[in-house]
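A.B. asks: Pasting model.txt below, which is compact mmCIF, C-alpha atoms and all ligand atoms.
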```txt
# COMPACT_ATOMS: atom_id res chain seq x y z
CA MET A 1 0.00 0.00 0.00
CA ASP A 2 1.34 3.44 -0.93
CA PHE A 3 -0.35 6.63 0.23
CA GLU A 4 2.06 8.96 -1.61
CA PHE A 5 1.02 10.70 -4.81
CA SER A 6 3.43 10.04 -7.67
CA ARG A 7 5.96 12.78 -8.50
CA GLU A 8 3.94 13.55 -11.64
CA HIS A 9 0.74 13.97 -9.65
CA GLN A 10 2.52 16.16 -7.09
CA ALA A 11 3.86 18.35 -9.90
CA LEU A 12 0.38 18.50 -11.42
CA ARG A 13 -1.07 19.66 -8.09
CA ARG A 14 1.52 22.44 -7.87
CA LEU A 15 0.69 23.57 -11.40
CA ILE A 16 -3.07 23.57 -10.70
CA ARG A 17 -2.72 25.32 -7.35
CA GLU A 18 -0.71 28.09 -8.93
CA PHE A 19 -3.28 28.42 -11.70
CA ALA A 20 -6.16 28.43 -9.17
CA GLU A 21 -4.55 31.10 -7.00
CA GLU A 22 -3.20 33.34 -9.73
CA GLU A 23 -5.81 33.04 -12.45
CA VAL A 24 -9.04 31.67 -10.99
CA ARG A 25 -9.24 33.44 -7.63
CA PRO A 26 -8.94 37.03 -8.93
CA ALA A 27 -11.81 36.43 -11.41
CA THR A 28 -14.13 34.70 -8.97
CA ARG A 29 -16.07 37.62 -7.52
CA GLN A 30 -16.73 39.25 -10.88
CA ALA A 31 -18.00 35.96 -12.33
CA ASP A 32 -20.30 35.45 -9.33
CA ARG A 33 -21.69 38.99 -9.43
CA SER A 34 -22.16 39.19 -13.19
CA SER A 35 -23.23 35.54 -13.74
CA GLN A 36 -20.62 35.48 -16.52
CA PRO A 37 -17.74 33.03 -16.42
CA SER A 38 -14.29 34.36 -17.22
CA LEU A 39 -13.51 33.05 -20.68
CA GLU A 40 -9.86 34.05 -20.19
CA VAL A 41 -9.62 31.67 -17.24
CA LEU A 42 -11.02 28.81 -19.34
CA GLN A 43 -8.72 29.68 -22.21
CA LYS A 44 -5.69 29.71 -19.91
CA ALA A 45 -6.78 26.39 -18.40
CA GLY A 46 -6.78 24.95 -21.91
CA GLU A 47 -3.37 26.41 -22.73
CA ILE A 48 -1.72 24.65 -19.80
CA GLY A 49 -3.49 21.34 -20.46
CA LEU A 50 -6.08 21.45 -17.68
CA MET A 51 -9.09 20.90 -19.96
CA GLY A 52 -8.00 17.35 -20.71
CA VAL A 53 -6.25 16.19 -17.53
CA PRO A 54 -7.46 12.54 -17.39
CA PHE A 55 -7.37 11.65 -21.08
CA PRO A 56 -4.48 9.85 -22.81
CA ARG A 57 -1.84 11.98 -24.52
CA GLU A 58 -2.75 10.52 -27.91
CA TYR A 59 -6.02 12.50 -27.69
CA GLY A 60 -4.35 15.68 -26.47
CA GLY A 61 -4.87 15.01 -22.75
CA LEU A 62 -2.31 15.09 -19.94
CA GLY A 63 -2.66 11.34 -19.34
CA ALA A 64 -3.03 11.92 -15.58
CA GLY A 65 -5.96 9.53 -15.14
CA GLU A 66 -8.79 9.81 -12.65
CA THR A 67 -6.32 10.56 -9.85
CA GLY A 68 -4.98 13.57 -11.73
CA TYR A 69 -8.48 14.66 -12.56
CA CYS A 70 -9.52 14.47 -8.89
CA ILE A 71 -6.50 16.61 -7.99
CA LEU A 72 -7.73 19.17 -10.54
CA MET A 73 -11.25 19.18 -9.12
CA GLU A 74 -10.06 19.35 -5.51
CA GLU A 75 -7.82 22.33 -6.22
CA LEU A 76 -10.51 24.15 -8.22
CA GLY A 77 -13.18 23.31 -5.63
CA ARG A 78 -10.98 24.92 -2.98
CA VAL A 79 -11.02 28.25 -4.85
CA ASP A 80 -14.10 28.52 -7.09
CA THR A 81 -16.88 25.97 -7.32
CA SER A 82 -18.24 27.57 -10.50
CA VAL A 83 -15.01 27.01 -12.41
CA ALA A 84 -14.90 23.47 -11.00
CA SER A 85 -18.44 22.98 -12.27
CA ILE A 86 -17.70 24.26 -15.80
CA ILE A 87 -14.53 22.18 -16.12
CA GLY A 88 -16.17 19.20 -14.40
CA ALA A 89 -19.10 19.19 -16.85
CA HIS A 90 -16.64 19.65 -19.71
CA ILE A 91 -14.17 16.90 -18.78
CA GLY A 92 -15.93 14.61 -16.34
CA ILE A 93 -19.20 14.02 -18.16
CA GLY A 94 -19.28 15.87 -21.53
CA ALA A 95 -15.93 14.71 -22.94
CA MET A 96 -15.91 11.57 -20.76
CA ALA A 97 -18.99 10.19 -22.56
CA ILE A 98 -17.10 10.60 -25.85
CA TYR A 99 -14.04 8.91 -24.38
CA LEU A 100 -16.04 6.01 -22.89
CA GLY A 101 -18.51 5.49 -25.75
CA GLY A 102 -16.76 6.91 -28.81
CA SER A 103 -15.13 4.88 -31.56
CA PRO A 104 -11.39 5.59 -32.08
CA SER A 105 -12.29 7.93 -34.93
CA LEU A 106 -14.83 9.89 -32.84
CA ARG A 107 -12.27 10.20 -30.05
CA GLU A 108 -9.67 11.44 -32.52
CA LYS A 109 -12.13 13.84 -34.07
CA TYR A 110 -13.50 15.46 -30.91
CA LEU A 111 -11.17 14.99 -27.95
CA PRO A 112 -8.13 17.06 -29.07
CA ASP A 113 -10.15 20.30 -29.41
CA LEU A 114 -11.83 19.58 -26.07
CA CYS A 115 -8.54 18.83 -24.32
CA SER A 116 -7.00 22.06 -25.62
CA GLY A 117 -10.05 24.05 -24.47
CA LYS A 118 -10.68 25.25 -28.02
CA LYS A 119 -14.15 23.78 -27.61
CA ILE A 120 -16.26 23.29 -24.50
CA ALA A 121 -18.31 20.15 -23.89
CA ALA A 122 -21.62 19.53 -22.15
CA PHE A 123 -23.59 16.45 -21.12
CA ALA A 124 -27.27 16.54 -22.04
CA LEU A 125 -29.43 14.05 -20.17
CA THR A 126 -31.95 15.85 -17.96
CA GLU A 127 -35.40 16.75 -19.29
CA GLU A 128 -38.55 18.21 -17.78
CA GLN A 129 -39.89 14.77 -16.83
CA ALA A 130 -36.52 13.02 -16.55
CA GLY A 131 -34.53 14.18 -13.53
CA SER A 132 -33.82 11.36 -11.09
CA ASP A 133 -35.86 9.14 -13.39
CA ALA A 134 -33.34 9.45 -16.23
CA ALA A 135 -34.94 6.63 -18.21
CA SER A 136 -38.02 8.81 -18.87
CA ILE A 137 -36.29 10.97 -21.50
CA LYS A 138 -38.37 11.96 -24.54
CA LEU A 139 -35.91 13.76 -26.87
CA ARG A 140 -36.36 11.86 -30.09
CA ALA A 141 -33.72 10.77 -32.62
CA THR A 142 -35.17 9.45 -35.90
CA LYS A 143 -33.02 7.66 -38.47
CA GLU A 144 -33.01 9.26 -41.93
CA GLY A 145 -30.47 7.82 -44.37
CA ASP A 146 -26.99 8.23 -42.90
CA SER A 147 -28.20 10.65 -40.24
CA TYR A 148 -30.40 10.95 -37.19
CA ILE A 149 -32.77 13.87 -36.76
CA LEU A 150 -32.94 15.16 -33.19
CA ASP A 151 -36.13 16.76 -31.94
CA GLY A 152 -36.97 17.86 -28.42
CA SER A 153 -35.37 19.62 -25.50
CA LYS A 154 -33.19 19.19 -22.43
CA MET A 155 -32.93 21.33 -19.34
CA TRP A 156 -30.53 22.24 -16.54
CA ILE A 157 -27.56 21.74 -18.82
CA THR A 158 -24.31 22.94 -17.26
CA ASN A 159 -22.30 24.73 -20.00
CA GLY A 160 -25.49 24.89 -22.15
CA PRO A 161 -24.71 28.48 -23.19
CA LEU A 162 -20.96 27.78 -23.70
CA ALA A 163 -20.63 24.36 -25.24
CA SER A 164 -20.13 23.56 -28.90
CA THR A 165 -19.79 19.78 -28.48
CA MET A 166 -22.51 17.96 -26.57
CA SER A 167 -23.02 14.37 -25.55
CA VAL A 168 -26.76 13.90 -25.90
CA LEU A 169 -29.02 10.98 -24.96
CA ALA A 170 -32.06 10.53 -27.20
CA VAL A 171 -34.77 7.93 -27.76
CA THR A 172 -34.28 5.99 -30.99
CA ASP A 173 -36.92 3.33 -30.31
CA PRO A 174 -39.86 4.54 -28.19
CA ALA A 175 -41.25 1.00 -27.98
CA LEU A 176 -38.17 -0.11 -26.04
CA GLY A 177 -37.89 3.06 -23.92
CA ALA A 178 -34.56 4.23 -22.55
CA ARG A 179 -33.44 0.73 -21.62
CA GLY A 180 -32.61 -0.62 -25.06
CA GLY A 181 -34.20 2.20 -27.03
CA ALA A 182 -31.98 5.17 -26.13
CA THR A 183 -28.89 6.14 -28.05
CA ALA A 184 -26.06 8.50 -27.14
CA PHE A 185 -24.73 10.96 -29.72
CA VAL A 186 -21.97 13.50 -29.93
CA VAL A 187 -23.56 16.62 -31.42
CA GLU A 188 -21.87 19.76 -32.75
CA THR A 189 -24.10 22.52 -31.44
CA ARG A 190 -22.10 25.52 -32.68
CA ASN A 191 -20.19 26.07 -35.88
CA GLY A 192 -16.67 27.46 -36.24
CA THR A 193 -17.81 31.05 -35.69
CA GLY A 194 -19.61 30.15 -32.47
CA ARG A 195 -23.11 30.43 -33.96
CA PRO A 196 -25.63 27.72 -32.99
CA THR A 197 -25.89 25.05 -35.69
CA GLU A 198 -29.13 24.85 -37.65
CA GLY A 199 -32.07 23.87 -35.48
CA PHE A 200 -30.17 24.06 -32.18
CA SER A 201 -30.92 26.75 -29.64
CA PRO A 202 -29.46 27.31 -26.21
CA GLY A 203 -32.71 28.05 -24.42
CA LYS A 204 -33.69 29.76 -21.17
CA PHE A 205 -30.77 30.82 -18.97
CA GLU A 206 -31.30 29.55 -15.42
CA HIS A 207 -30.96 32.02 -12.53
CA LYS A 208 -29.63 29.85 -9.76
CA MET A 209 -29.15 30.18 -5.99
CA GLY A 210 -25.40 29.68 -6.42
CA LEU A 211 -22.79 28.69 -8.99
CA HIS A 212 -23.48 32.02 -10.69
CA GLY A 213 -20.19 31.80 -12.55
CA SER A 214 -21.23 28.51 -14.15
CA PRO A 215 -23.87 29.11 -16.84
CA THR A 216 -26.78 26.66 -17.03
CA SER A 217 -29.55 26.60 -19.59
CA ALA A 218 -32.22 24.60 -21.32
CA ILE A 219 -31.32 23.55 -24.86
CA SER A 220 -33.57 22.61 -27.73
CA PHE A 221 -33.23 20.64 -30.91
CA ASP A 222 -35.56 21.36 -33.82
CA ASN A 223 -34.79 18.84 -36.54
CA VAL A 224 -31.05 18.87 -35.87
CA ARG A 225 -29.24 16.52 -38.26
CA VAL A 226 -26.49 14.38 -36.71
CA PRO A 227 -24.38 11.90 -38.72
CA ALA A 228 -25.08 8.27 -37.80
CA ALA A 229 -21.29 7.96 -37.34
CA ASN A 230 -21.68 10.17 -34.25
CA VAL A 231 -23.37 7.47 -32.19
CA LEU A 232 -21.53 6.85 -28.90
CA GLY A 233 -21.45 3.13 -28.16
CA GLN A 234 -24.15 1.04 -29.77
CA VAL A 235 -27.53 2.13 -31.07
CA GLY A 236 -30.07 1.45 -28.31
CA LEU A 237 -27.44 1.17 -25.56
CA GLY A 238 -26.81 4.84 -24.87
CA PHE A 239 -28.35 4.68 -21.39
CA VAL A 240 -25.48 2.49 -20.25
CA VAL A 241 -22.87 4.90 -21.70
CA PHE A 242 -24.56 7.75 -19.82
CA MET A 243 -24.81 5.83 -16.54
CA GLN A 244 -21.15 4.78 -16.74
CA THR A 245 -20.18 8.38 -17.42
CA LEU A 246 -22.13 9.57 -14.38
CA ASP A 247 -20.38 6.97 -12.23
CA ILE A 248 -17.00 8.48 -13.09
CA GLY A 249 -18.31 12.03 -12.73
CA ARG A 250 -19.39 11.32 -9.17
CA VAL A 251 -15.85 10.54 -8.05
CA SER A 252 -14.54 13.90 -9.24
CA LEU A 253 -17.57 15.70 -7.84
CA GLY A 254 -16.52 14.20 -4.50
CA ALA A 255 -13.06 15.68 -5.10
CA ALA A 256 -14.51 19.15 -5.78
CA THR A 257 -16.52 19.00 -2.54
CA LEU A 258 -13.35 17.92 -0.74
CA GLY A 259 -11.69 21.13 -1.93
CA GLY A 260 -14.69 23.20 -0.84
CA ALA A 261 -14.78 21.60 2.62
CA GLN A 262 -11.04 22.15 3.02
CA ALA A 263 -11.44 25.84 2.13
CA SER A 264 -14.16 26.23 4.80
CA LEU A 265 -11.94 24.66 7.45
CA GLN A 266 -9.02 26.87 6.44
CA GLN A 267 -11.22 29.95 6.71
CA ILE A 268 -12.29 29.02 10.24
CA LEU A 269 -8.72 28.28 11.36
CA GLU A 270 -7.45 31.62 10.08
CA TRP A 271 -10.36 33.60 11.49
CA ALA A 272 -10.40 31.88 14.87
CA ALA A 273 -6.70 32.62 15.32
CA LEU A 274 -7.25 36.36 14.74
CA ARG A 275 -10.70 37.17 16.08
CA GLU A 276 -10.82 37.98 19.80
CA GLN A 277 -13.96 37.91 21.93
CA PHE A 278 -14.16 37.94 25.73
CA GLY A 279 -10.44 38.84 25.78
CA LYS A 280 -9.09 35.81 23.92
CA PRO A 281 -8.92 34.40 20.39
CA LEU A 282 -11.85 32.26 19.27
CA ALA A 283 -9.32 29.45 18.79
CA GLN A 284 -9.18 29.08 22.57
CA ALA A 285 -12.90 28.38 22.80
CA GLN A 286 -13.60 24.69 23.16
CA SER A 287 -16.74 24.98 21.01
CA ILE A 288 -14.53 26.08 18.09
CA GLN A 289 -11.91 23.42 18.82
CA PHE A 290 -14.55 20.66 18.76
CA MET A 291 -15.91 22.07 15.52
CA VAL A 292 -12.58 22.15 13.65
CA ALA A 293 -11.63 18.71 14.96
CA ASP A 294 -14.89 17.21 13.66
CA MET A 295 -14.48 18.96 10.34
CA ALA A 296 -10.87 17.83 9.90
CA ALA A 297 -11.79 14.22 10.72
CA GLU A 298 -14.58 14.22 8.14
CA ILE A 299 -12.38 15.87 5.52
CA GLU A 300 -9.59 13.35 6.09
CA ALA A 301 -12.05 10.45 5.71
CA LEU A 302 -13.41 12.00 2.52
CA ARG A 303 -9.90 12.51 1.13
CA SER A 304 -9.09 8.82 1.65
CA LEU A 305 -12.36 7.74 0.04
CA VAL A 306 -11.98 10.02 -3.00
CA TYR A 307 -8.40 9.07 -3.81
CA ARG A 308 -8.94 5.38 -3.12
CA THR A 309 -11.91 5.47 -5.49
CA ALA A 310 -9.81 7.29 -8.11
CA TRP A 311 -7.26 4.50 -7.68
CA LEU A 312 -10.02 1.91 -8.27
CA VAL A 313 -10.97 3.71 -11.51
CA ASP A 314 -7.36 3.98 -12.69
CA ASN A 315 -6.79 0.31 -11.97
CA GLN A 316 -9.97 -0.87 -13.75
CA LYS A 317 -11.56 -2.21 -10.57
CA PRO A 318 -15.28 -1.96 -9.68
CA PHE A 319 -16.06 1.46 -8.21
CA ILE A 320 -19.82 2.21 -8.60
CA LYS A 321 -20.60 1.90 -4.89
CA GLU A 322 -17.59 4.01 -3.87
CA ALA A 323 -18.38 6.64 -6.53
CA GLY A 324 -21.85 7.08 -5.02
CA MET A 325 -20.25 7.40 -1.59
CA CYS A 326 -17.82 10.10 -2.83
CA LYS A 327 -20.69 12.17 -4.13
CA LEU A 328 -23.01 11.52 -1.18
CA LEU A 329 -20.50 12.02 1.60
CA GLY A 330 -18.60 14.81 -0.12
CA SER A 331 -21.64 16.98 -0.78
CA GLU A 332 -22.94 16.58 2.77
CA ILE A 333 -19.55 17.22 4.37
CA ALA A 334 -18.97 20.30 2.20
CA SER A 335 -22.42 21.70 3.08
CA ARG A 336 -21.83 21.08 6.81
CA CYS A 337 -18.36 22.64 6.70
CA VAL A 338 -19.40 25.80 4.90
CA ASP A 339 -22.42 26.17 7.20
CA ARG A 340 -20.05 26.08 10.19
CA ALA A 341 -17.72 28.58 8.53
CA VAL A 342 -20.62 31.02 8.14
CA GLN A 343 -21.50 30.48 11.79
CA VAL A 344 -17.96 31.08 13.08
CA LEU A 345 -17.43 34.16 10.93
CA GLY A 346 -20.78 35.45 12.21
CA ALA A 347 -22.12 38.53 10.44
CA LEU A 348 -18.98 38.58 8.30
CA GLY A 349 -19.82 35.10 7.08
CA TYR A 350 -23.17 36.47 5.90
CA SER A 351 -21.57 39.37 4.05
CA ARG A 352 -21.26 39.32 0.29
CA ASP A 353 -17.82 40.92 0.72
CA VAL A 354 -16.39 37.68 2.10
CA HIS A 355 -16.26 34.71 -0.18
CA ILE A 356 -17.67 32.22 2.33
CA GLU A 357 -21.16 33.53 1.51
CA ARG A 358 -20.63 32.48 -2.12
CA GLY A 359 -19.33 29.11 -0.93
CA PHE A 360 -22.51 28.67 1.14
CA ARG A 361 -24.76 29.31 -1.88
CA ASP A 362 -22.57 27.19 -4.15
CA ALA A 363 -22.36 24.14 -1.89
CA ARG A 364 -26.05 23.17 -1.82
CA ILE A 365 -26.32 22.00 -5.42
CA ALA A 366 -23.79 19.20 -4.91
CA GLU A 367 -26.46 17.36 -2.90
CA ILE A 368 -28.73 17.57 -5.95
CA PHE A 369 -26.93 17.48 -9.29
CA GLU A 370 -25.23 14.50 -10.95
CA GLY A 371 -27.85 12.33 -9.23
CA THR A 372 -29.53 13.44 -6.01
CA ASN A 373 -28.19 12.08 -2.75
CA GLU A 374 -31.36 10.00 -2.44
CA ILE A 375 -30.45 8.29 -5.74
CA GLN A 376 -26.89 7.76 -4.47
CA ARG A 377 -28.23 6.02 -1.36
CA ILE A 378 -30.32 3.70 -3.55
CA LEU A 379 -27.32 2.92 -5.79
CA ILE A 380 -25.06 2.21 -2.81
CA ALA A 381 -27.69 -0.01 -1.17
CA GLU A 382 -28.24 -1.82 -4.47
CA GLN A 383 -24.52 -2.65 -4.71
CA LEU A 384 -24.38 -3.72 -1.05
CA PHE A 385 -27.30 -6.13 -1.47
CA ARG A 386 -25.91 -7.35 -4.80
CA GLU A 387 -22.71 -8.33 -2.95
CA VAL A 388 -24.80 -10.71 -0.80
CA GLY A 389 -26.79 -11.98 -3.78
CA VAL A 390 -29.98 -9.96 -3.22
CA LYS A 391 -31.64 -7.88 -5.97
CA ILE A 392 -33.55 -4.91 -4.52
CA ARG A 393 -34.89 -3.43 -7.79
CA PRO A 394 -36.73 -5.20 -10.62
N1 LIG B 401 -23.29 1.07 -15.33
C1 LIG B 401 -23.62 0.23 -16.34
N2 LIG B 401 -24.90 -0.06 -16.66
C2 LIG B 401 -25.85 0.51 -15.94
C3 LIG B 401 -25.58 1.40 -14.87
C4 LIG B 401 -24.23 1.67 -14.59
N3 LIG B 401 -23.88 2.49 -13.59
N4 LIG B 401 -26.74 1.81 -14.32
C5 LIG B 401 -27.71 1.21 -15.02
N5 LIG B 401 -27.17 0.44 -15.99
C6 LIG B 401 -27.90 -0.41 -16.95
C7 LIG B 401 -28.63 -1.51 -16.20
O1 LIG B 401 -27.83 -2.65 -16.04
C8 LIG B 401 -29.81 -1.76 -17.10
O2 LIG B 401 -29.42 -2.58 -18.17
P1 LIG B 401 -30.28 -3.91 -18.47
O3 LIG B 401 -31.65 -3.42 -18.79
O4 LIG B 401 -29.57 -4.55 -19.63
O5 LIG B 401 -30.22 -4.73 -17.21
C9 LIG B 401 -30.11 -0.40 -17.69
O6 LIG B 401 -28.91 0.37 -17.59
C10 LIG B 401 -31.23 0.30 -16.97
O7 LIG B 401 -30.82 0.46 -15.62
P2 LIG B 401 -31.85 0.50 -14.41
O8 LIG B 401 -32.81 -0.66 -14.54
O9 LIG B 401 -31.06 0.59 -13.16
O10 LIG B 401 -32.61 1.88 -14.73
P3 LIG B 401 -33.63 2.68 -13.82
O11 LIG B 401 -34.45 3.49 -14.74
O12 LIG B 401 -34.36 1.76 -12.88
O13 LIG B 401 -32.79 3.67 -12.86
C11 LIG B 401 -31.07 5.10 -12.07
C12 LIG B 401 -31.58 4.03 -13.04
C13 LIG B 401 -31.97 5.52 -10.92
C14 LIG B 401 -29.79 4.55 -11.55
C15 LIG B 401 -30.85 6.28 -13.03
O14 LIG B 401 -32.07 6.76 -13.51
C16 LIG B 401 -30.06 7.39 -12.43
O15 LIG B 401 -28.85 7.30 -12.27
N6 LIG B 401 -30.74 8.51 -12.10
C17 LIG B 401 -30.06 9.71 -11.73
C18 LIG B 401 -29.80 10.53 -12.95
C19 LIG B 401 -28.76 11.56 -12.71
O16 LIG B 401 -27.73 11.32 -12.12
N7 LIG B 401 -29.03 12.73 -13.24
C20 LIG B 401 -28.10 13.78 -13.13
C21 LIG B 401 -28.26 14.68 -14.25
S1 LIG B 401 -26.97 14.66 -15.35
S2 LIG B 401 -25.62 15.77 -14.54
```
For the structure just supplied, provide its representation as structure tokens.

C.D. replies:
Amino acid sequence: MDFEFSREHQALRRLIREFAEEEVRPATRQADRSSQPSLEVLQKAGEIGLMGVPFPREYGGLGAGETGYCILMEELGRVDTSVASIIGAHIGIGAMAIYLGGSPSLREKYLPDLCSGKKIAAFALTEEQAGSDAASIKLRATKEGDSYILDGSKMWITNGPLASTMSVLAVTDPALGARGGATAFVVETRNGTGRPTEGFSPGKFEHKMGLHGSPTSAISFDNVRVPAANVLGQVGLGFVVFMQTLDIGRVSLGAATLGGAQASLQQILEWAALREQFGKPLAQAQSIQFMVADMAAEIEALRSLVYRTAWLVDNQKPFIKEAGMCKLLGSEIASRCVDRAVQVLGALGYSRDVHIERGFRDARIAEIFEGTNEIQRILIAEQLFREVGVKIRP
């Protein structure tokens, strides 16, 4: 057993931390206030290779695997959850579906521009009636010659307003439903000049509680023609490609929440050392000591879980149960930690001038997106019972 990161992963962490401190942090407040991400930050991330961290070098990635990708998400989550969300949707689910389901030629065609950040990816699954119940999607793909025609809409798409390459799940055989009748496609949604391709429109922009720097929108397809060669995986088996992609995404989401939780703890430690009440620093109050000790213990447990799960992924071992745990535990720990940070900072923690308030608004969504925590509990329980030979769902 070896708990050390490799020299390459340590160097990668240094590179990302420097990028997060020098490029991401200064742009954070403006992005939050204006609900506009900094495109310069994303461009710079692409220039230094951060938009393709896990993917093999042959596709333009850094070849740093899931472990490297979790380091990226942890470091970004520590500084700006919105940037973590944009890059997470781009790498961890948008491009990942192409990597997992794409033929060698689709990978070669799409991944290099995604890894360099020239293009941004999104992952289009959710619809009005298909949230937790992902199999209820209705977006239709009809075969016509060598193409499919996409008709319908998706909603709550992270990077919807930014992306030009989308992994989209659509129904190709309504009689079979999503299980056997859904197909995944890679769809070019903007042309070279950035204009939406014919029939595609990035729909209503969502005004969210948090993650203001990460744009989310509905998207709609009105007779959008997609080459049949753009099918990810096999026709009719797209649901599996999407579920496998979400499994991987949940590990790195756990890493982003780890970064967020760590930032909350750091904020409390720094503040409690400085702030005096009743003639002594808050750090000398046992209530604060108990709080930071509990937080640090939870964060350390989460860190072990996240990086062990990344190791399972990188070593091609089963990881579905652990991925659900990363997402479930991480989102709840991060929410608890930032809630405590607001409490310790008091009125200052409630002020929009201090970034913990943004962290508080940003944290909540991690308990909801990429599969609600209720769904994660079901998936974990399902795996646990499967291990003792019991099937709990039909
Ligand atoms: N890996 C591989 N295959 C999987 C899989 C996974 N993680 N999860 C499901 N499948 C397969 C199943 O094996 C099944 O195949 P067969 O019919 O050949 O047996 C098929 O996919 C259907 O799976 P299942 O029966 O589990 O589908 P359900 O509709 O009952 O529910 C859940 C699936 C609840 C797991 C799914 O809807 C889900 O993950 N919901 C959350 C969606 C989500 O995360 N949304 C976030 C928005 S995108 S950021």

A.B. asks: Select from chain A every residue with an atom at most 6 Å from any atom of ligand LIG 401 (chain B), then for each give the shortest pair of atoms and their distance in Å to one decimal, using all atoms listed in the file, rows by chain and rising number, as a tab-separated table.

C.D. replies:
```
residue	atom	partner	partner_atom	distance
A:Leu125	CA	B:LIG401	S1	5.4
A:Thr126	CA	B:LIG401	C21	5.4
A:Gly131	CA	B:LIG401	N7	5.7
A:Ser132	CA	B:LIG401	C17	4.2
A:Asp133	CA	B:LIG401	O14	4.5
A:Ala134	CA	B:LIG401	O14	4.0
A:Ala135	CA	B:LIG401	O11	4.7
A:Arg179	CA	B:LIG401	C10	5.2
A:Phe239	CA	B:LIG401	O6	5.8
A:Val240	CA	B:LIG401	N2	4.4
A:Met243	CA	B:LIG401	N3	4.6
A:Gln244	CA	B:LIG401	N1	4.5
A:Asp247	CA	B:LIG401	N3	5.8
A:Phe369	CA	B:LIG401	C20	5.5
A:Glu370	CA	B:LIG401	C20	3.7
A:Gly371	CA	B:LIG401	O16	3.1
```

A.B. asks: From the options A:Phe221, A:Phe123, A:Trp271, A:Tyr69, which residue's atoms come nearest to Arg140 (chain A), counting all atoms listed in the file?

C.D. replies: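 Among the listed residues, A:Phe221 lies closest to Arg140 (chain A).
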
A.B. asks: Nearest residue to Val235 (chain A) out of A:Phe205, A:Phe319, A:Tyr350, A:Phe185, using all atoms listed in the file?

C.D. replies: A:Phe185

A.B. asks: For a test of reading the model, state the distance in Å between CA of Ile48 (chain A) and CA of Leu111 (chain A), rounded to one decimal.

C.D. replies: 15.8 Å

A.B. asks: Do you know which residues are at most 12 Å from Glu322 (chain A) counting only C-alpha atoms, after dropping those on the same chain fewer than 4 positions away, and could you put them as JSON, numbers by chain?

C.D. replies: {"A": [247, 248, 249, 250, 251, 252, 254, 302, 304, 305, 306, 307, 308, 309, 310, 311, 312, 313, 317, 318, 326, 327, 328, 329, 330, 376, 377, 379, 380, 381, 383, 384]}

A.B. asks: Out of A:Arg29, A:Ile268, A:Asp113, A:Ala228, which residue has the shortest atom-to-atom distance to Gly349 (chain A) when counting only C-alpha atoms?

C.D. replies: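 Residue with the minimum atom-to-atom distance to Gly349 (chain A): A:Ile268.
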
A.B. asks: In Å to one decimal, how far is CA of Ile299 (chain A) from CA of Val344 (chain A)?

C.D. replies: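 One can read the CA of Val344 (chain A) to CA of Ile299 (chain A) distance as 17.9 Å.
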
A.B. asks: What does the distance between CA of Ser335 (chain A) and CA of Ala20 (chain A) come to in Å, to one decimal place?

C.D. replies: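 It comes out at 21.4 Å.
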
A.B. asks: For region 173-185 of chain A, what centre and edge lengths in Å (one decimal) does the axis-aligned box get once 6 Å is added on each side of all its listed atoms, as AutoDock Vina command-line options?

C.D. replies:
```
--center_x -33.0 --center_y 5.2 --center_z -26.0 --size_x 28.5 --size_y 23.6 --size_z 20.7
```

A.B. asks: Go through A:Ala296, A:Ala122, A:Ala95, A:Leu76 and flag the residue nearest Ser264 (chain A), using only C-alpha atoms for the distances.

C.D. replies: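 Of A:Ala296, A:Ala122, A:Ala95, A:Leu76, the one nearest Ser264 (chain A) is A:Ala296, counting only C-alpha atoms.
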
A.B. asks: Which residue out of A:Lys208, A:Arg361, A:Lys138, A:Arg352 has the minimum interatomic distance to Ala175 (chain A) when all atoms listed in the file are used?

C.D. replies: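 Result for the nearest residue to Ala175 (chain A): A:Lys138.
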
A.B. asks: Hey, what's within 10 Å of Leu106 (chain A) if we count all atoms listed in the file and toss same-chain stuff fewer than 2 positions away? As a compact mmCIF listing (two decimals) with C-alpha atoms, in the frame of the given file, please?

C.D. replies:
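The resulting result.txt:
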```txt
# COMPACT_ATOMS: atom_id res chain seq x y z
CA ILE A 98 -17.10 10.60 -25.85
CA TYR A 99 -14.04 8.91 -24.38
CA GLY A 101 -18.51 5.49 -25.75
CA GLY A 102 -16.76 6.91 -28.81
CA SER A 103 -15.13 4.88 -31.56
CA PRO A 104 -11.39 5.59 -32.08
CA GLU A 108 -9.67 11.44 -32.52
CA LYS A 109 -12.13 13.84 -34.07
CA TYR A 110 -13.50 15.46 -30.91
CA LEU A 111 -11.17 14.99 -27.95
CA VAL A 186 -21.97 13.50 -29.93
CA ALA A 229 -21.29 7.96 -37.34
CA ASN A 230 -21.68 10.17 -34.25
CA VAL A 231 -23.37 7.47 -32.19
CA LEU A 232 -21.53 6.85 -28.90
```

A.B. asks: Counting all atoms listed in the file, select every polymer residue within 9 Å of (-10.7, 25.3, 0.5) as defined in the file's coordinates, and provide the selection as an MDAnalysis selection string.

C.D. replies: chainID A and resid 74:80 258:267

A.B. asks: How would the residues just picked look written out with C-alpha atoms as a short mmCIF file (atom, residue, chain, number, x, y, z; two decimals), keeping the file's coordinate frame?

C.D. replies:
```cif
data_model
loop_
_atom_site.label_atom_id
_atom_site.label_comp_id
_atom_site.auth_asym_id
_atom_site.auth_seq_id
_atom_site.Cartn_x
_atom_site.Cartn_y
_atom_site.Cartn_z
CA GLU A 74 -10.06 19.35 -5.51
CA GLU A 75 -7.82 22.33 -6.22
CA LEU A 76 -10.51 24.15 -8.22
CA GLY A 77 -13.18 23.31 -5.63
CA ARG A 78 -10.98 24.92 -2.98
CA VAL A 79 -11.02 28.25 -4.85
CA ASP A 80 -14.10 28.52 -7.09
CA LEU A 258 -13.35 17.92 -0.74
CA GLY A 259 -11.69 21.13 -1.93
CA GLY A 260 -14.69 23.20 -0.84
CA ALA A 261 -14.78 21.60 2.62
CA GLN A 262 -11.04 22.15 3.02
CA ALA A 263 -11.44 25.84 2.13
CA SER A 264 -14.16 26.23 4.80
CA LEU A 265 -11.94 24.66 7.45
CA GLN A 266 -9.02 26.87 6.44
CA GLN A 267 -11.22 29.95 6.71
#
```
